[in-house]
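Undergrad: My questions will all concern the structure given below.
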Amino acid sequence: MDINAYLIVAGILFSIGGLGVLIRKNLIVVFMSLELMFNAANLGFVAVSGYLNLISGDIFVIFVMVVAAAEAAIALGIAIAFYREKGTINIDKANELKW
Amino acid sequence: MDTKDLLVWSIPFFPMLGAILLGVFGKYLKNYAGYIGSISIVISFLFSVALFITVASTHGFTAILYPWIYASTFKTNISTYIDRLSVIMLVMVTGVSALVHIYSIGYMKGDKGFARYFSYMNLFVFSMIMLVLANNFLLLYVFWEAVGFCSYILIGFWYEKKSASDAAKKAFIVNRVGDFGFGLGVMLIFVSTGTLNYTSVFGMMPSLPGYLVTIIALLLFAGAVGKSAQFPLHIWLPDAMEGPTPVSSLIHAATMVTAGVYLVARCHVIFSYSPFASHVVAYIGGFTAFLAAFIALTQYDIKRIIAYSTISQLGYMFMAVGIGSYAAGIFHLISHAVFKGLLFLTAGSVMHAMSGELDLRKMGKLYSKMKITAVTFIVGALALSGIPPFSGFFSKDAILADTFNKGYYILWIMGEVTAFMTAFYIFRIIFRVFFGESHVDPSVHVHESSKVMTIPMIILASLAAVVGFIGIPPFDHSLFYLFLHRDFQNSFVFSPFVNYYPWFLLSSISVLAGALGIYTAYLFYIKQAFDTEKIKRIFKPVYELSFNKVYIDEIYDQLIVTPLKNFSVYLWRVVDTFVIDGAVNGLAQGFASFSGRVRRVQNGMVMSYALTLMIGVIALLAYYFIK
């Protein structure tokens, strides 16, 4: 099994996700990019797990998914609260955490 | 703890108990404070007498209350050294204290600090007892400071009066100069002998190098100079007269100021192994005796004159212990405590009658109005002038005879001249206060003091008249000498007798000097044979010198106080404001402006934080891989 293909795909996905987090303004999109990065990591996990014939990578993926689900609930809650506060979900408006 | 130990520890216990009781519950006790304060001292006195009899009939001992500091080689106990010297001091201290306390009931009546006063006085007596009893230098040092502190709070007893609080500060600071030396001396003793216990320290003295013994002795003497108001640190004592008169009587005449003499006598082994230090003691004593008597000649404040007289008499005592006549010095200490305590109490009685007036020029002809005070004052004055058979005659002559027979002729001449001046200034007070014509302000109602004040005066006066007979000449066959000299046997004889002139020959000279002094005062102030103003004019420089206390206060002011003050102001205005504040504020300002720039990094944009975070992670990973 060629693991490199999987890892390259995972790397690309991760980079797209990271770039999305950094450059997109829409809070939901940023959040989705974040999920993309999670899934890139998950892909890496299962690929290596399959390559090494280990079960632990698969178990980790389950954990990550659980945490991601919980995190999604919190993130969407934050998005709603943010929208109520600012009337928009443009992330550039989140600029009060400063000196 | 056996009975003897119990006896020893009861002596300081009662004054301490009294001090605590009066200090804590004083305001509820009202007028009973005086009785409680006095009774605690009387009990202590009775125990002291019992201890005196025990020691006189058997021998001295050491009583340990409890181990104080046990740190590897450094071991110190709360313990006492009981020998004949300490029991004599103990009886004197508690006896005079008891009388002064009883007198104070009358003198301090109606004062708003009545209970506070007795609390302080009891605290003082406790400290003084412990100072006398201590058997090691550390305990001695602690109570040396404690009596100094009590003196400070009692001089400044009427603290709302500026002159009183200033005098208290002056006394404290001047004492500090001497005590600094004393503290260094104690440290040097520990460094060079490894112990602070009297017996062990004295035992090692002969084996120490001579220069070390001299340094130790001189440092200890520095403490004695401060506490006993000797030149050049005598300036605090006359100002200390701002305190209540019984305080002057007890602390600044009879007990605390004699602690220096006691110290030298107690450390006689150290001093006798350093003839040089002993000579310093003797000559400082002689010079102080002369100087203080000279200043006393022209003062107008009764209490100040007696204060200078105290300095002068302490000078005699130092003269005695400095030439190795320890027993004579202690004898003069005891008899001086009695007659000087008496003089202060009578001066207090005069002051009481005159509504606080102390100026000689505003008195006169008080004899008929206050006979008891006048007679007791005259007894004290005769004792001070060394007229037989009063106590001062025996004790002063024991000293002067020894100075002559041991070959210290300069000291002897100074002593004789001082004796003349002493008789003059004390009878100057008598003639101007009790006789002559009255200059009393007519609005003042002069009256004899109450019994509670006169009875202690009468007791002290009778003692001043008879106490001398325990030292009836020739001194080295007298009861006192035979009782005490055993304690001084292990001292090194550094100045043997060179002459053997009989005592009556030498005594007659000093009696003559005293009588001449009295006669001169009589001529001046009763017969008015001379025009005093004219004599003042003829001897103007001398008169001015004496009247202005030899300008010593002014010299210190110019030489020490003003430069120190200027230096302090410099430290405050320049060093503190610019250097220290500058450093602290500058540092703070530097950080503030640096932070002001750095905080711009935190711009509040979520994305920039995420970017920073990511760059950080990449950097960490890169570092990890490169490594």
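Simple scheme: letters A, B, ... for chains in structure tokens order, numbers from 1 for residues in each chain, numbers from 1 for ligands in the order shown.
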Pull out every residue of chain A that has at least one atom within 7 Å of chain B, counting only C-alpha atoms, and report them as a count of residues only.

TA: 8

Undergrad: Within 6 Å of stretch 139-151 of chain B, counting only C-alpha atoms, which residues show up once you throw out same-chain ones fewer than 6 positions away? Write them as an mmCIF file with C-alpha atoms, in the first residue's frame, please.

TA:
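That gives us out.cif:
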data_model
loop_
_atom_site.group_PDB
_atom_site.id
_atom_site.type_symbol
_atom_site.label_atom_id
_atom_site.label_comp_id
_atom_site.auth_asym_id
_atom_site.auth_seq_id
_atom_site.Cartn_x
_atom_site.Cartn_y
_atom_site.Cartn_z
ATOM 1 C CA PHE B 124 13.139 50.442 85.649
ATOM 2 C CA SER B 127 15.760 46.174 84.751
ATOM 3 C CA LEU B 131 21.531 44.443 85.351
#

Undergrad: Which residue gives the smallest distance to A:Asn4 among A:Phe31, A:Tyr51, A:Phe63, A:Phe38, with only C-alpha atoms counted?

TA: A:Tyr51

Undergrad: Output as a PDB file with C-alpha atoms, in the first residue's frame all residues of stretch 20-58 of chain A that backbone DSSP marks as alpha helix (DSSP H).

TA:
ATOM      1  CA  GLY A  20      -9.222  28.988   4.802  1.00  0.00           C
ATOM      2  CA  VAL A  21      -8.964  29.742   8.503  1.00  0.00           C
ATOM      3  CA  LEU A  22      -6.544  32.546   7.867  1.00  0.00           C
ATOM      4  CA  ILE A  23      -8.047  34.291   4.883  1.00  0.00           C
ATOM      5  CA  LEU A  27     -17.184  32.833  10.586  1.00  0.00           C
ATOM      6  CA  ILE A  28     -19.027  29.743   9.334  1.00  0.00           C
ATOM      7  CA  VAL A  29     -16.556  29.242   6.542  1.00  0.00           C
ATOM      8  CA  VAL A  30     -13.658  29.662   8.946  1.00  0.00           C
ATOM      9  CA  PHE A  31     -15.290  27.051  11.105  1.00  0.00           C
ATOM     10  CA  MET A  32     -15.740  24.719   8.157  1.00  0.00           C
ATOM     11  CA  SER A  33     -12.077  25.175   7.252  1.00  0.00           C
ATOM     12  CA  LEU A  34     -11.224  24.190  10.743  1.00  0.00           C
ATOM     13  CA  GLU A  35     -13.275  20.991  10.319  1.00  0.00           C
ATOM     14  CA  LEU A  36     -11.372  20.365   7.116  1.00  0.00           C
ATOM     15  CA  MET A  37      -8.117  20.472   9.071  1.00  0.00           C
ATOM     16  CA  PHE A  38      -9.535  17.968  11.552  1.00  0.00           C
ATOM     17  CA  ASN A  39     -10.442  15.632   8.776  1.00  0.00           C
ATOM     18  CA  ALA A  40      -7.013  15.997   7.168  1.00  0.00           C
ATOM     19  CA  ALA A  41      -5.550  14.881  10.461  1.00  0.00           C
ATOM     20  CA  ASN A  42      -8.055  12.019  10.615  1.00  0.00           C
ATOM     21  CA  LEU A  43      -7.055  10.903   7.141  1.00  0.00           C
ATOM     22  CA  GLY A  44      -3.424  10.878   8.235  1.00  0.00           C
ATOM     23  CA  PHE A  45      -4.354   8.794  11.266  1.00  0.00           C
ATOM     24  CA  VAL A  46      -6.252   6.099   9.404  1.00  0.00           C
ATOM     25  CA  ALA A  47      -3.634   5.970   6.644  1.00  0.00           C
ATOM     26  CA  VAL A  48      -0.778   5.377   9.050  1.00  0.00           C
ATOM     27  CA  SER A  49      -2.934   3.040  11.108  1.00  0.00           C
ATOM     28  CA  GLY A  50      -3.678   0.907   8.074  1.00  0.00           C
ATOM     29  CA  TYR A  51      -0.052   1.012   6.973  1.00  0.00           C
ATOM     30  CA  LEU A  52       1.249  -0.175  10.327  1.00  0.00           C
ATOM     31  CA  SER A  56      -4.935   2.778  17.799  1.00  0.00           C
ATOM     32  CA  GLY A  57      -4.987   5.300  14.927  1.00  0.00           C
ATOM     33  CA  ASP A  58      -8.571   4.310  14.112  1.00  0.00           C
TER      34      ASP A  58
END

Undergrad: Find the residues near stretch 297-314 of chain B: any atom within 6 Å, counting only C-alpha atoms, skip ones fewer than 6 places away on the same chain, and give them as a list in words.

TA: Pro238, Thr288, Ala289, Leu358, Asp359, Leu360, Tyr425 and Phe547 of chain B

Undergrad: Please produce a file of those selected residues containing N, CA and C atoms, as a PDB file, in the first residue's frame.

TA:
ATOM      1  N   PRO B 238      22.410  66.684  82.403  1.00  0.00           N
ATOM      2  CA  PRO B 238      21.735  67.903  82.862  1.00  0.00           C
ATOM      3  C   PRO B 238      20.380  68.103  82.183  1.00  0.00           C
ATOM      4  N   THR B 288      36.399  64.731  84.445  1.00  0.00           N
ATOM      5  CA  THR B 288      34.952  64.981  84.496  1.00  0.00           C
ATOM      6  C   THR B 288      34.559  65.572  85.832  1.00  0.00           C
ATOM      7  N   ALA B 289      35.132  65.037  86.911  1.00  0.00           N
ATOM      8  CA  ALA B 289      34.813  65.545  88.242  1.00  0.00           C
ATOM      9  C   ALA B 289      35.090  67.040  88.295  1.00  0.00           C
ATOM     10  N   LEU B 358      12.451  76.562  89.708  1.00  0.00           N
ATOM     11  CA  LEU B 358      13.747  75.982  90.034  1.00  0.00           C
ATOM     12  C   LEU B 358      14.859  77.020  89.996  1.00  0.00           C
ATOM     13  N   ASP B 359      14.528  78.243  89.657  1.00  0.00           N
ATOM     14  CA  ASP B 359      15.570  79.241  89.472  1.00  0.00           C
ATOM     15  C   ASP B 359      16.022  79.795  90.818  1.00  0.00           C
ATOM     16  N   LEU B 360      17.339  79.704  91.045  1.00  0.00           N
ATOM     17  CA  LEU B 360      17.908  80.174  92.303  1.00  0.00           C
ATOM     18  C   LEU B 360      17.590  81.637  92.576  1.00  0.00           C
ATOM     19  N   TYR B 425      29.418  75.179  95.458  1.00  0.00           N
ATOM     20  CA  TYR B 425      28.171  75.269  94.691  1.00  0.00           C
ATOM     21  C   TYR B 425      26.987  74.723  95.454  1.00  0.00           C
ATOM     22  N   PHE B 547      29.456  79.397  82.895  1.00  0.00           N
ATOM     23  CA  PHE B 547      28.019  79.612  82.746  1.00  0.00           C
ATOM     24  C   PHE B 547      27.487  78.937  81.488  1.00  0.00           C
TER      25      PHE B 547
END

Undergrad: Of the candidates B:Cys267, B:Leu233, B:Ile53, B:Ala328, which shows the shortest atom-to-atom distance to B:Asn136, using only C-alpha atoms?

TA: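 Of all the options, B:Cys267 lies closest to B:Asn136.
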
Undergrad: Any idea what's packed within 7 Å of B:Thr373, counting only C-alpha atoms, ignoring anything in its chain fewer than 3 positions away? Could you give it as a PyMOL selection string?

TA: chain B and resi 346+349+370+376-377
